[in-house]
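Novice: For reference, the file upload25.tsv (TSV, C-alpha atoms and all ligand atoms) is included below:
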chain	number	residue	atom	x	y	z
L	1	MET	CA	-14.13	29.45	-15.46
L	2	PRO	CA	-11.50	27.91	-13.17
L	3	PRO	CA	-12.26	24.47	-11.72
L	4	PRO	CA	-14.17	24.65	-8.42
L	5	LEU	CA	-11.44	22.70	-6.60
L	6	SER	CA	-7.81	23.78	-6.44
L	7	ILE	CA	-4.98	21.63	-5.14
L	8	ARG	CA	-1.81	22.67	-3.34
L	9	PHE	CA	1.09	20.24	-3.24
L	10	SER	CA	3.80	20.53	-0.63
L	11	PRO	CA	6.17	18.26	1.27
L	12	GLU	CA	3.64	18.44	4.10
L	13	GLY	CA	0.90	16.86	2.05
L	14	ILE	CA	-1.81	17.72	-0.45
L	15	TYR	CA	-4.31	20.41	0.43
L	16	LEU	CA	-7.66	21.40	-1.05
L	17	PRO	CA	-8.30	24.93	0.27
L	18	GLU	CA	-11.91	25.31	-0.91
L	19	ILE	CA	-12.98	22.43	1.32
L	20	ASP	CA	-10.21	22.72	3.96
L	21	LEU	CA	-9.13	19.09	3.57
L	22	TRP	CA	-5.63	17.58	3.61
L	23	LEU	CA	-4.85	14.30	1.88
L	24	ASP	CA	-2.35	12.11	3.80
L	25	PRO	CA	-0.74	15.10	5.58
L	26	ARG	CA	2.63	14.84	7.31
L	27	ARG	CA	2.01	17.40	10.00
L	28	PRO	CA	-0.84	18.14	12.41
L	29	VAL	CA	-3.78	19.67	10.53
L	30	ALA	CA	-7.46	20.25	11.18
L	31	HIS	CA	-9.06	17.83	8.69
L	32	ALA	CA	-7.35	14.91	6.99
L	33	TRP	CA	-8.17	12.06	4.66
L	34	PHE	CA	-6.08	8.98	5.38
L	35	SER	CA	-5.92	6.81	2.25
L	36	HIS	CA	-4.59	3.80	4.19
L	37	ALA	CA	-2.79	2.90	7.39
L	38	HIS	CA	0.87	2.79	6.27
L	39	SER	CA	2.94	5.11	8.40
L	40	ASP	CA	3.97	7.41	5.55
L	41	HIS	CA	0.30	8.18	4.92
L	42	ALA	CA	-1.50	7.96	8.23
L	43	SER	CA	0.96	8.83	10.92
L	44	GLY	CA	-0.17	12.43	11.46
L	45	ARG	CA	-2.38	13.62	14.30
L	46	PRO	CA	-5.16	15.62	12.68
L	47	THR	CA	-8.01	17.00	14.72
L	48	LEU	CA	-10.46	15.13	12.51
L	49	VAL	CA	-9.76	12.07	10.35
L	50	LEU	CA	-11.77	10.77	7.44
L	51	ALA	CA	-11.01	7.19	6.37
L	52	THR	CA	-12.53	3.79	5.81
L	53	GLU	CA	-13.45	1.63	8.79
L	54	ARG	CA	-10.54	-0.81	8.35
L	55	THR	CA	-8.04	2.02	7.96
L	56	LEU	CA	-9.31	3.59	11.18
L	57	GLU	CA	-9.05	0.24	12.98
L	58	LEU	CA	-5.48	-0.27	11.75
L	59	TYR	CA	-4.57	3.34	12.59
L	60	ARG	CA	-5.84	3.00	16.15
L	61	LEU	CA	-4.00	-0.29	16.57
L	62	ARG	CA	-0.74	1.24	15.33
L	63	TRP	CA	-1.01	4.47	17.27
L	64	PRO	CA	-3.21	3.77	20.29
L	65	GLU	CA	-2.09	7.04	21.83
L	66	SER	CA	-4.01	8.81	19.05
L	67	THR	CA	-7.32	7.26	19.98
L	68	ASP	CA	-8.21	9.92	22.52
L	69	VAL	CA	-6.96	12.96	20.64
L	70	VAL	CA	-8.08	12.26	17.09
L	71	GLN	CA	-11.75	12.62	16.25
L	72	THR	CA	-13.20	10.63	13.39
L	73	LEU	CA	-16.20	11.04	11.21
L	74	GLU	CA	-18.40	8.05	10.59
L	75	PRO	CA	-16.12	5.80	8.48
L	76	LEU	CA	-16.56	6.22	4.74
L	77	ARG	CA	-18.07	3.20	3.05
L	78	PHE	CA	-17.03	2.31	-0.48
L	79	GLY	CA	-19.29	3.92	-3.05
L	80	VAL	CA	-21.39	5.82	-0.50
L	81	PRO	CA	-21.08	9.62	-0.93
L	82	VAL	CA	-20.91	11.98	2.03
L	83	GLU	CA	-21.26	15.74	2.01
L	84	TRP	CA	-18.24	17.78	3.10
L	85	LYS	CA	-18.13	21.60	3.01
L	86	GLY	CA	-20.03	21.93	-0.24
L	87	ALA	CA	-18.35	18.97	-1.96
L	88	THR	CA	-19.19	15.28	-2.17
L	89	LEU	CA	-16.62	12.75	-0.98
L	90	THR	CA	-16.74	9.10	-2.02
L	91	ALA	CA	-14.27	6.36	-1.09
L	92	TRP	CA	-13.43	3.67	-3.65
L	93	PRO	CA	-11.24	0.58	-3.24
L	94	ALA	CA	-7.52	0.95	-4.03
L	95	GLY	CA	-6.36	-2.68	-3.72
L	96	HIS	CA	-3.08	-1.80	-1.97
L	97	ILE	CA	-3.76	-3.18	1.56
L	98	VAL	CA	-6.87	-3.92	3.59
L	99	GLY	CA	-8.79	-0.67	4.06
L	100	ALA	CA	-6.93	1.20	1.30
L	101	ALA	CA	-9.13	3.67	-0.54
L	102	GLN	CA	-9.10	6.27	-3.26
L	103	LEU	CA	-11.00	9.45	-2.53
L	104	CYS	CA	-13.23	11.03	-5.17
L	105	ILE	CA	-13.97	14.70	-4.44
L	106	GLU	CA	-16.73	16.22	-6.52
L	107	ALA	CA	-17.88	19.85	-6.67
L	108	ASP	CA	-20.15	21.40	-9.32
L	109	GLY	CA	-19.76	18.33	-11.49
L	110	TYR	CA	-15.93	18.52	-11.40
L	111	ARG	CA	-14.15	15.48	-10.03
L	112	VAL	CA	-10.74	15.04	-8.46
L	113	VAL	CA	-9.59	11.51	-7.57
L	114	TYR	CA	-6.69	10.93	-5.17
L	115	THR	CA	-5.50	7.33	-5.42
L	116	GLY	CA	-3.22	7.07	-2.40
L	117	ASP	CA	-1.09	3.95	-2.83
L	118	ILE	CA	-2.88	1.80	-5.36
L	119	LYS	CA	-2.71	-1.56	-7.11
L	120	LEU	CA	-4.84	-2.17	-10.17
L	121	ASN	CA	-4.62	-5.97	-10.47
L	122	PRO	CA	-6.49	-7.93	-7.77
L	123	PRO	CA	-4.46	-8.18	-4.54
L	124	ILE	CA	-4.11	-11.32	-2.40
L	125	CYS	CA	-5.69	-9.46	0.54
L	126	GLY	CA	-7.73	-6.37	-0.22
L	127	ILE	CA	-10.55	-5.19	-2.44
L	128	THR	CA	-9.86	-4.85	-6.15
L	129	THR	CA	-9.53	-1.25	-7.32
L	130	THR	CA	-12.46	0.54	-8.87
L	131	VAL	CA	-11.37	2.79	-11.74
L	132	VAL	CA	-13.20	6.08	-11.18
L	133	GLN	CA	-13.89	8.56	-13.96
L	134	CYS	CA	-12.55	12.01	-13.12
L	135	ASN	CA	-11.31	15.34	-14.48
L	136	ARG	CA	-8.12	15.44	-12.45
L	137	LEU	CA	-6.20	12.45	-11.09
L	138	ILE	CA	-3.59	12.49	-8.34
L	139	VAL	CA	-1.76	9.18	-8.68
L	140	GLU	CA	1.28	7.61	-7.01
L	141	SER	CA	4.22	6.32	-9.06
L	142	THR	CA	6.20	4.13	-6.67
L	143	PHE	CA	6.94	1.81	-9.63
L	144	GLY	CA	6.33	4.19	-12.53
L	145	LEU	CA	9.08	2.97	-14.87
L	146	PRO	CA	8.79	0.37	-17.67
L	147	ILE	CA	11.35	-1.88	-15.91
L	148	TYR	CA	8.74	-2.77	-13.31
L	149	HIS	CA	6.57	-5.70	-14.28
L	150	PHE	CA	5.01	-7.79	-11.53
L	151	LEU	CA	3.47	-11.25	-11.22
L	152	ASP	CA	-0.27	-11.49	-10.88
L	153	GLN	CA	-1.48	-12.87	-7.57
L	154	THR	CA	-2.09	-16.41	-8.91
L	155	GLU	CA	1.52	-16.78	-10.03
L	156	ALA	CA	2.81	-15.06	-6.88
L	157	ARG	CA	0.89	-17.56	-4.72
L	158	ARG	CA	2.34	-20.46	-6.70
L	159	ARG	CA	5.89	-19.17	-6.32
L	160	ILE	CA	5.49	-18.49	-2.58
L	161	LEU	CA	4.20	-22.02	-1.95
L	162	GLN	CA	6.77	-23.69	-4.17
L	163	PHE	CA	9.63	-21.97	-2.37
L	164	ALA	CA	8.24	-22.85	1.06
L	165	GLN	CA	7.56	-26.49	0.20
L	166	GLU	CA	10.92	-27.10	-1.49
L	167	THR	CA	12.82	-25.44	1.35
L	168	LEU	CA	10.99	-27.39	4.07
L	169	ALA	CA	11.53	-30.64	2.10
L	170	GLU	CA	15.27	-29.99	2.39
L	171	SER	CA	14.96	-29.49	6.16
L	172	ALA	CA	15.74	-25.80	5.91
L	173	THR	CA	13.59	-22.88	7.07
L	174	PRO	CA	11.88	-20.70	4.45
L	175	VAL	CA	12.00	-17.07	5.54
L	176	PHE	CA	9.90	-14.42	3.85
L	177	LEU	CA	10.83	-10.83	4.53
L	178	GLY	CA	8.07	-8.25	4.66
L	179	TYR	CA	6.99	-5.06	6.33
L	180	PRO	CA	4.57	-5.31	9.24
L	181	LEU	CA	1.39	-4.29	7.45
L	182	GLY	CA	0.31	-5.61	4.07
L	183	ARG	CA	2.74	-7.98	2.39
L	184	GLY	CA	3.41	-9.94	5.56
L	185	GLN	CA	-0.28	-10.76	6.03
L	186	GLU	CA	-0.65	-11.67	2.34
L	187	ILE	CA	2.26	-14.14	2.47
L	188	ALA	CA	1.06	-15.63	5.77
L	189	HIS	CA	-2.45	-16.05	4.34
L	190	VAL	CA	-1.12	-17.90	1.27
L	191	LEU	CA	1.08	-20.21	3.35
L	192	ALA	CA	-1.41	-20.96	6.12
L	193	THR	CA	-4.40	-21.64	3.88
L	194	ALA	CA	-2.22	-24.13	1.95
L	195	GLY	CA	-1.54	-26.01	5.21
L	196	ILE	CA	2.05	-24.89	5.70
L	197	PRO	CA	2.85	-24.29	9.40
L	198	THR	CA	3.66	-20.61	9.64
L	199	SER	CA	4.96	-18.17	12.24
L	200	VAL	CA	4.88	-14.41	11.74
L	201	HIS	CA	6.64	-11.56	13.44
L	202	GLY	CA	4.71	-10.11	16.37
L	203	ALA	CA	4.45	-6.76	14.58
L	204	MET	CA	2.52	-8.55	11.81
L	205	HIS	CA	0.59	-10.85	14.11
L	206	LYS	CA	-1.19	-8.01	15.86
L	207	PHE	CA	-2.94	-7.00	12.63
L	208	LEU	CA	-4.29	-10.49	11.85
L	209	PRO	CA	-7.66	-9.96	13.62
L	210	ILE	CA	-8.43	-7.02	11.32
L	211	TYR	CA	-7.53	-9.07	8.26
L	212	GLU	CA	-9.66	-11.93	9.60
L	213	ALA	CA	-12.58	-9.54	10.06
L	214	GLU	CA	-12.17	-8.70	6.38
L	215	GLY	CA	-12.46	-12.42	5.50
L	216	TYR	CA	-8.86	-13.66	5.24
L	217	ALA	CA	-8.03	-16.83	7.19
L	218	PHE	CA	-4.73	-17.59	8.95
L	219	PRO	CA	-5.20	-21.18	10.20
L	220	GLY	CA	-2.53	-22.19	12.70
L	221	VAL	CA	-0.47	-19.02	12.30
L	222	GLU	CA	1.48	-18.20	15.45
L	223	ALA	CA	3.51	-15.22	16.55
L	224	TYR	CA	7.18	-16.05	16.09
L	225	SER	CA	9.24	-17.03	19.09
L	226	ALA	CA	12.58	-18.82	19.29
L	227	LYS	CA	10.68	-21.91	20.51
L	228	ASN	CA	8.22	-22.23	17.62
L	229	GLY	CA	10.49	-21.28	14.72
L	230	ARG	CA	11.53	-24.79	13.64
L	231	GLU	CA	10.02	-26.72	10.72
L	232	ARG	CA	7.80	-23.79	9.91
L	233	ALA	CA	7.76	-21.06	7.33
L	234	LEU	CA	8.61	-17.68	8.84
L	235	VAL	CA	7.31	-14.29	7.77
L	236	VAL	CA	9.34	-11.62	9.51
L	237	VAL	CA	10.58	-8.07	9.20
L	238	PRO	CA	13.90	-7.61	7.36
L	239	GLY	CA	15.69	-6.67	10.58
L	240	MET	CA	15.38	-10.27	11.82
L	241	ARG	CA	17.31	-11.78	8.98
L	242	ASP	CA	20.77	-11.80	10.56
L	243	TYR	CA	19.42	-13.25	13.79
L	244	LEU	CA	17.65	-16.09	11.96
L	245	GLU	CA	20.62	-16.84	9.71
L	246	ALA	CA	22.82	-17.17	12.79
L	247	ARG	CA	20.43	-19.73	14.28
L	248	GLY	CA	20.23	-22.26	11.48
L	249	ASP	CA	19.80	-23.17	7.83
L	250	VAL	CA	17.45	-20.52	6.52
L	251	ARG	CA	16.65	-19.56	2.93
L	252	VAL	CA	15.34	-16.13	2.23
L	253	ALA	CA	12.63	-15.13	-0.23
L	254	TYR	CA	12.18	-11.53	-1.24
L	255	VAL	CA	8.58	-10.81	-2.25
L	256	SER	CA	8.58	-7.24	-3.48
L	257	GLY	CA	8.21	-4.94	-6.43
L	258	TRP	CA	11.94	-4.31	-6.17
L	259	ALA	CA	12.51	-7.99	-6.97
L	260	ALA	CA	11.75	-7.04	-10.59
L	261	LEU	CA	15.04	-5.15	-10.83
L	262	ALA	CA	17.89	-6.80	-12.72
L	263	ASN	CA	20.25	-6.30	-9.78
L	264	ALA	CA	17.76	-7.47	-7.18
L	265	ARG	CA	19.53	-10.73	-6.41
L	266	THR	CA	22.73	-8.91	-5.50
L	267	ARG	CA	20.91	-6.14	-3.73
L	268	ALA	CA	18.68	-8.38	-1.64
L	269	ASN	CA	21.06	-11.34	-1.32
L	270	ALA	CA	18.01	-13.60	-1.47
L	271	HIS	CA	17.61	-17.24	-2.48
L	272	GLU	CA	14.33	-16.52	-4.22
L	273	LEU	CA	12.97	-13.36	-5.84
L	274	ILE	CA	9.23	-13.03	-6.30
L	275	PRO	CA	8.28	-9.75	-8.02
L	276	TYR	CA	4.86	-9.18	-6.51
L	277	SER	CA	3.77	-5.90	-4.96
L	278	ASP	CA	0.89	-4.15	-3.29
L	279	HIS	CA	1.55	-1.28	-5.71
L	280	ALA	CA	0.70	-1.07	-9.40
L	281	ASP	CA	3.47	-1.87	-11.86
L	282	PHE	CA	4.16	0.34	-14.87
L	283	SER	CA	1.52	-1.09	-17.20
L	284	GLU	CA	-1.08	-1.09	-14.42
L	285	LEU	CA	-0.36	2.62	-13.85
L	286	LEU	CA	-0.83	3.38	-17.55
L	287	ASP	CA	-4.07	1.39	-17.62
L	288	LEU	CA	-5.32	3.16	-14.51
L	289	VAL	CA	-4.56	6.65	-15.86
L	290	ALA	CA	-6.21	5.84	-19.19
L	291	GLY	CA	-9.23	4.28	-17.49
L	292	THR	CA	-10.06	7.38	-15.45
L	293	GLY	CA	-10.29	9.60	-18.52
L	294	ALA	CA	-8.58	12.36	-16.51
L	295	GLU	CA	-7.71	15.58	-18.37
L	296	GLN	CA	-4.99	16.42	-15.87
L	297	VAL	CA	-2.68	14.01	-14.04
L	298	ASP	CA	-0.62	14.91	-10.97
L	299	ILE	CA	1.99	12.36	-9.95
L	300	VAL	CA	3.33	11.88	-6.45
L	301	HIS	CA	5.85	9.44	-4.92
L	302	GLY	CA	8.73	7.56	-6.47
L	303	TYR	CA	9.32	8.09	-10.16
L	304	ALA	CA	7.11	11.14	-10.53
L	305	GLU	CA	9.31	13.05	-13.01
L	306	PRO	CA	9.99	10.20	-15.44
L	307	LEU	CA	6.38	8.98	-15.35
L	308	ALA	CA	5.13	12.52	-16.00
L	309	ARG	CA	7.42	12.71	-19.06
L	310	ILE	CA	6.21	9.33	-20.30
L	311	LEU	CA	2.58	10.40	-19.92
L	312	ARG	CA	3.20	13.75	-21.64
L	313	ASP	CA	4.78	11.84	-24.55
L	314	ARG	CA	1.52	9.94	-24.76
L	315	GLY	CA	-0.50	13.14	-24.91
L	316	TYR	CA	-1.51	13.62	-21.28
L	317	ASN	CA	-1.41	16.88	-19.37
L	318	ALA	CA	0.79	15.38	-16.64
L	319	GLN	CA	3.09	16.86	-14.03
L	320	ALA	CA	5.29	15.62	-11.20
L	321	ALA	CA	3.45	17.20	-8.32
L	322	ILE	CA	5.70	16.43	-5.39
L	323	ALA	CA	9.05	15.65	-6.91
L	324	GLN	CA	11.36	13.52	-4.87
L	325	MET	CA	9.70	14.35	-1.57
L	326	GLU	CA	9.06	10.72	-0.89
L	327	ARG	CA	11.08	7.78	0.15
L	328	LEU	CA	12.43	5.75	-2.75
L	329	GLU	CA	12.04	2.56	-0.82
L	330	GLU	CA	8.89	0.56	-0.83
L	331	GLY	CA	9.49	-0.13	2.81
L	332	GLU	CA	6.47	1.01	4.68
L	333	ALA	CA	6.81	0.32	8.32
L	401	ZN	ZN	1.13	2.13	1.37
Take the structure I supplied and represent it as structure tokens, if you would.
Specialist:
Amino acid sequence: MPPPLSIRFSPEGIYLPEIDLWLDPRRPVAHAWFSHAHSDHASGRPTLVLATERTLELYRLRWPESTDVVQTLEPLRFGVPVEWKGATLTAWPAGHIVGAAQLCIEADGYRVVYTGDIKLNPPICGITTTVVQCNRLIVESTFGLPIYHFLDQTEARRRILQFAQETLAESATPVFLGYPLGRGQEIAHVLATAGIPTSVHGAMHKFLPIYEAEGYAFPGVEAYSAKNGRERALVVVPGMRDYLEARGDVRVAYVSGWAALANARTRANAHELIPYSDHADFSELLDLVAGTGAEQVDIVHGYAEPLARILRDRGYNAQAAIAQMERLEEGEA
């Protein structure tokens, strides 16, 4: 008997026809699951959105014009199943950013888990991933090559603080580059809770209340302006780098999964490289796949083809489901 849930992969997203549900679609659809609020996952305008409460809050804040046109179900709570067109849907934490969730879809005892973007090791800000047993796993592979090995959050915190303190002690300005949602808040949280005066880019600052509601403090953090940028650590978007370098003695730290690459220093032209990510590294991905017990593994994003080969070599039924449809940058605006 065929499984009760089939899955269609396309550049427009992932679709489950038996229950008429899209996963992170890229075009307007009727019913969509948003795994998290990064723009390459949640930018569409479905008629009805299913997501966690924090993801819905972040989505509305990012795209306020969607508030009136997009209907939402009651937000999914972690571990609490809801019925949907003959299947059971359950959200589970995915670590990646605040609100990020995996979706477990169960019908007739058959389980599909869609990870969305996921981090297995505990994040600085976010809920640690639950590994969910399933028959079929749809997993991302942003960093699905053995060259990617990241620091755990304890070591990443230590490196972030050390760079900021040493730079300030030399009367220079430590600048951390990050995208507006996720890494920027994590770096600001580490700096501010250690007592380092910190300013963040306005595009990051607007999300702080949602992170605070989730329990992460940002004591004394201000939105960056030219007036308050001195003698403080700055967390800004990469586009501000040239402007800041023209204004004074700044030193740039690059906190990213890409910092694990051998050529990262040349590529990023950074004073400090801290290989920490809100995505799983290679060994975390292998541990996650093994932990689910999945019989079939579909890989999306990034290094889907090579990771599928590596998993097949290890005995998995694995395929690159959406080859090369995704950005190869981690940059999620
Ligand atoms: Zn993401």
Novice: Within 9 Å of ligand ZN 401 (chain L), which residues of chain L come that close, and what is the closest atom pair and distance in Å for each? Count only C-alpha atoms and all ligand atoms and give it as a tab-separated table.
Specialist:
residue	atom	partner	partner_atom	distance
L:Ser35	CA	L:ZN401	ZN	8.5
L:His36	CA	L:ZN401	ZN	6.6
L:Ala37	CA	L:ZN401	ZN	7.2
L:His38	CA	L:ZN401	ZN	5.0
L:Ser39	CA	L:ZN401	ZN	7.8
L:Asp40	CA	L:ZN401	ZN	7.3
L:His41	CA	L:ZN401	ZN	7.1
L:His96	CA	L:ZN401	ZN	6.7
L:Ile97	CA	L:ZN401	ZN	7.2
L:Ala100	CA	L:ZN401	ZN	8.1
L:Gly116	CA	L:ZN401	ZN	7.6
L:Asp117	CA	L:ZN401	ZN	5.1
L:Ile118	CA	L:ZN401	ZN	7.8
L:Leu181	CA	L:ZN401	ZN	8.8
L:Gly182	CA	L:ZN401	ZN	8.2
L:Asp278	CA	L:ZN401	ZN	7.8
L:His279	CA	L:ZN401	ZN	7.9
L:Glu330	CA	L:ZN401	ZN	8.2
L:Gly331	CA	L:ZN401	ZN	8.8
L:Glu332	CA	L:ZN401	ZN	6.4
Novice: For the residues selected in the previous step, produce a file with C-alpha atoms as a PDB file, in the frame of the given file.
Specialist:
ATOM      1  CA  SER L  35      -5.920   6.810   2.250  1.00  0.00           C
ATOM      2  CA  HIS L  36      -4.590   3.800   4.190  1.00  0.00           C
ATOM      3  CA  ALA L  37      -2.790   2.900   7.390  1.00  0.00           C
ATOM      4  CA  HIS L  38       0.870   2.790   6.270  1.00  0.00           C
ATOM      5  CA  SER L  39       2.940   5.110   8.400  1.00  0.00           C
ATOM      6  CA  ASP L  40       3.970   7.410   5.550  1.00  0.00           C
ATOM      7  CA  HIS L  41       0.300   8.180   4.920  1.00  0.00           C
ATOM      8  CA  HIS L  96      -3.080  -1.800  -1.970  1.00  0.00           C
ATOM      9  CA  ILE L  97      -3.760  -3.180   1.560  1.00  0.00           C
ATOM     10  CA  ALA L 100      -6.930   1.200   1.300  1.00  0.00           C
ATOM     11  CA  GLY L 116      -3.220   7.070  -2.400  1.00  0.00           C
ATOM     12  CA  ASP L 117      -1.090   3.950  -2.830  1.00  0.00           C
ATOM     13  CA  ILE L 118      -2.880   1.800  -5.360  1.00  0.00           C
ATOM     14  CA  LEU L 181       1.390  -4.290   7.450  1.00  0.00           C
ATOM     15  CA  GLY L 182       0.310  -5.610   4.070  1.00  0.00           C
ATOM     16  CA  ASP L 278       0.890  -4.150  -3.290  1.00  0.00           C
ATOM     17  CA  HIS L 279       1.550  -1.280  -5.710  1.00  0.00           C
ATOM     18  CA  GLU L 330       8.890   0.560  -0.830  1.00  0.00           C
ATOM     19  CA  GLY L 331       9.490  -0.130   2.810  1.00  0.00           C
ATOM     20  CA  GLU L 332       6.470   1.010   4.680  1.00  0.00           C
TER      21      GLU L 332
END
Novice: Between L:Ala188, L:Ala270, L:Val297, L:Leu177, which one has atoms that come closest to Gly239 (chain L), using only C-alpha atoms?
Specialist: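 Nearest candidate to Gly239 (chain L) out of L:Ala188, L:Ala270, L:Val297, L:Leu177: L:Leu177.
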Novice: Within 10 Å of Glu106 (chain L), counting only C-alpha atoms, which residues show up once you throw out same-chain ones fewer than 4 positions away? Write them as a ChimeraX atom specification, please.
Specialist: /L:4-5,81,83-84,86-90,110-113,134-135
Novice: Given the selection you just returned, output its residues as a file containing C-alpha atoms, formatted as a tab-separated table (two decimals), in the frame of the given file.
Specialist:
chain	number	residue	atom	x	y	z
L	4	PRO	CA	-14.17	24.65	-8.42
L	5	LEU	CA	-11.44	22.70	-6.60
L	81	PRO	CA	-21.08	9.62	-0.93
L	83	GLU	CA	-21.26	15.74	2.01
L	84	TRP	CA	-18.24	17.78	3.10
L	86	GLY	CA	-20.03	21.93	-0.24
L	87	ALA	CA	-18.35	18.97	-1.96
L	88	THR	CA	-19.19	15.28	-2.17
L	89	LEU	CA	-16.62	12.75	-0.98
L	90	THR	CA	-16.74	9.10	-2.02
L	110	TYR	CA	-15.93	18.52	-11.40
L	111	ARG	CA	-14.15	15.48	-10.03
L	112	VAL	CA	-10.74	15.04	-8.46
L	113	VAL	CA	-9.59	11.51	-7.57
L	134	CYS	CA	-12.55	12.01	-13.12
L	135	ASN	CA	-11.31	15.34	-14.48
Novice: Please report the interatomic distance between CA of Ala101 (chain L) and CA of Ala308 (chain L) in Å with one decimal.
Specialist: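 Separation of CA of Ala101 (chain L) and CA of Ala308 (chain L): 22.8 Å.
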Novice: Taking all atoms of region 255-269 of chain L that the file lists, what box with edges along x, y and z, padded by 4 Å per side, do you get, with centre and edge lengths in Å to one decimal, as lines of an AutoDock Vina configuration file?
Specialist:
center_x = 15.5
center_y = -7.8
center_z = -7.0
size_x = 22.5
size_y = 15.0
size_z = 19.4
Novice: Could you tell me which of L:Tyr211, L:Trp258, L:Tyr216, L:Phe143 comes closest to Pro306 (chain L) if we count all atoms listed in the file?
Specialist: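 Among the listed residues, L:Phe143 lies closest to Pro306 (chain L).
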Novice: Fewer than 5 positions away in the same chain doesn't count, so skip those; otherwise give me all residues within 7 Å of Gly13 (chain L), counting all atoms listed in the file, as a PyMOL selection string.
Specialist: chain L and resi 22-26
Novice: Which residues are near Thr167 (chain L)? Cut-off 9 Å, only C-alpha atoms, ignore same chain within fewer than 5 positions. Put them as an MDAnalysis selection string.
Specialist: chainID L and resid 162 172:174 233 250:251
Novice: Considering only C-alpha atoms, can you say which of L:Gly315, L:Gly302, L:Pro197, L:Gly215 comes closest to Ser141 (chain L)?
Specialist: L:Gly302
Novice: Rounded to one decimal in Å, what is the spacing between CA of His149 (chain L) and CA of Asp281 (chain L)?
Specialist: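 Distance between the two atoms: 5.5 Å.
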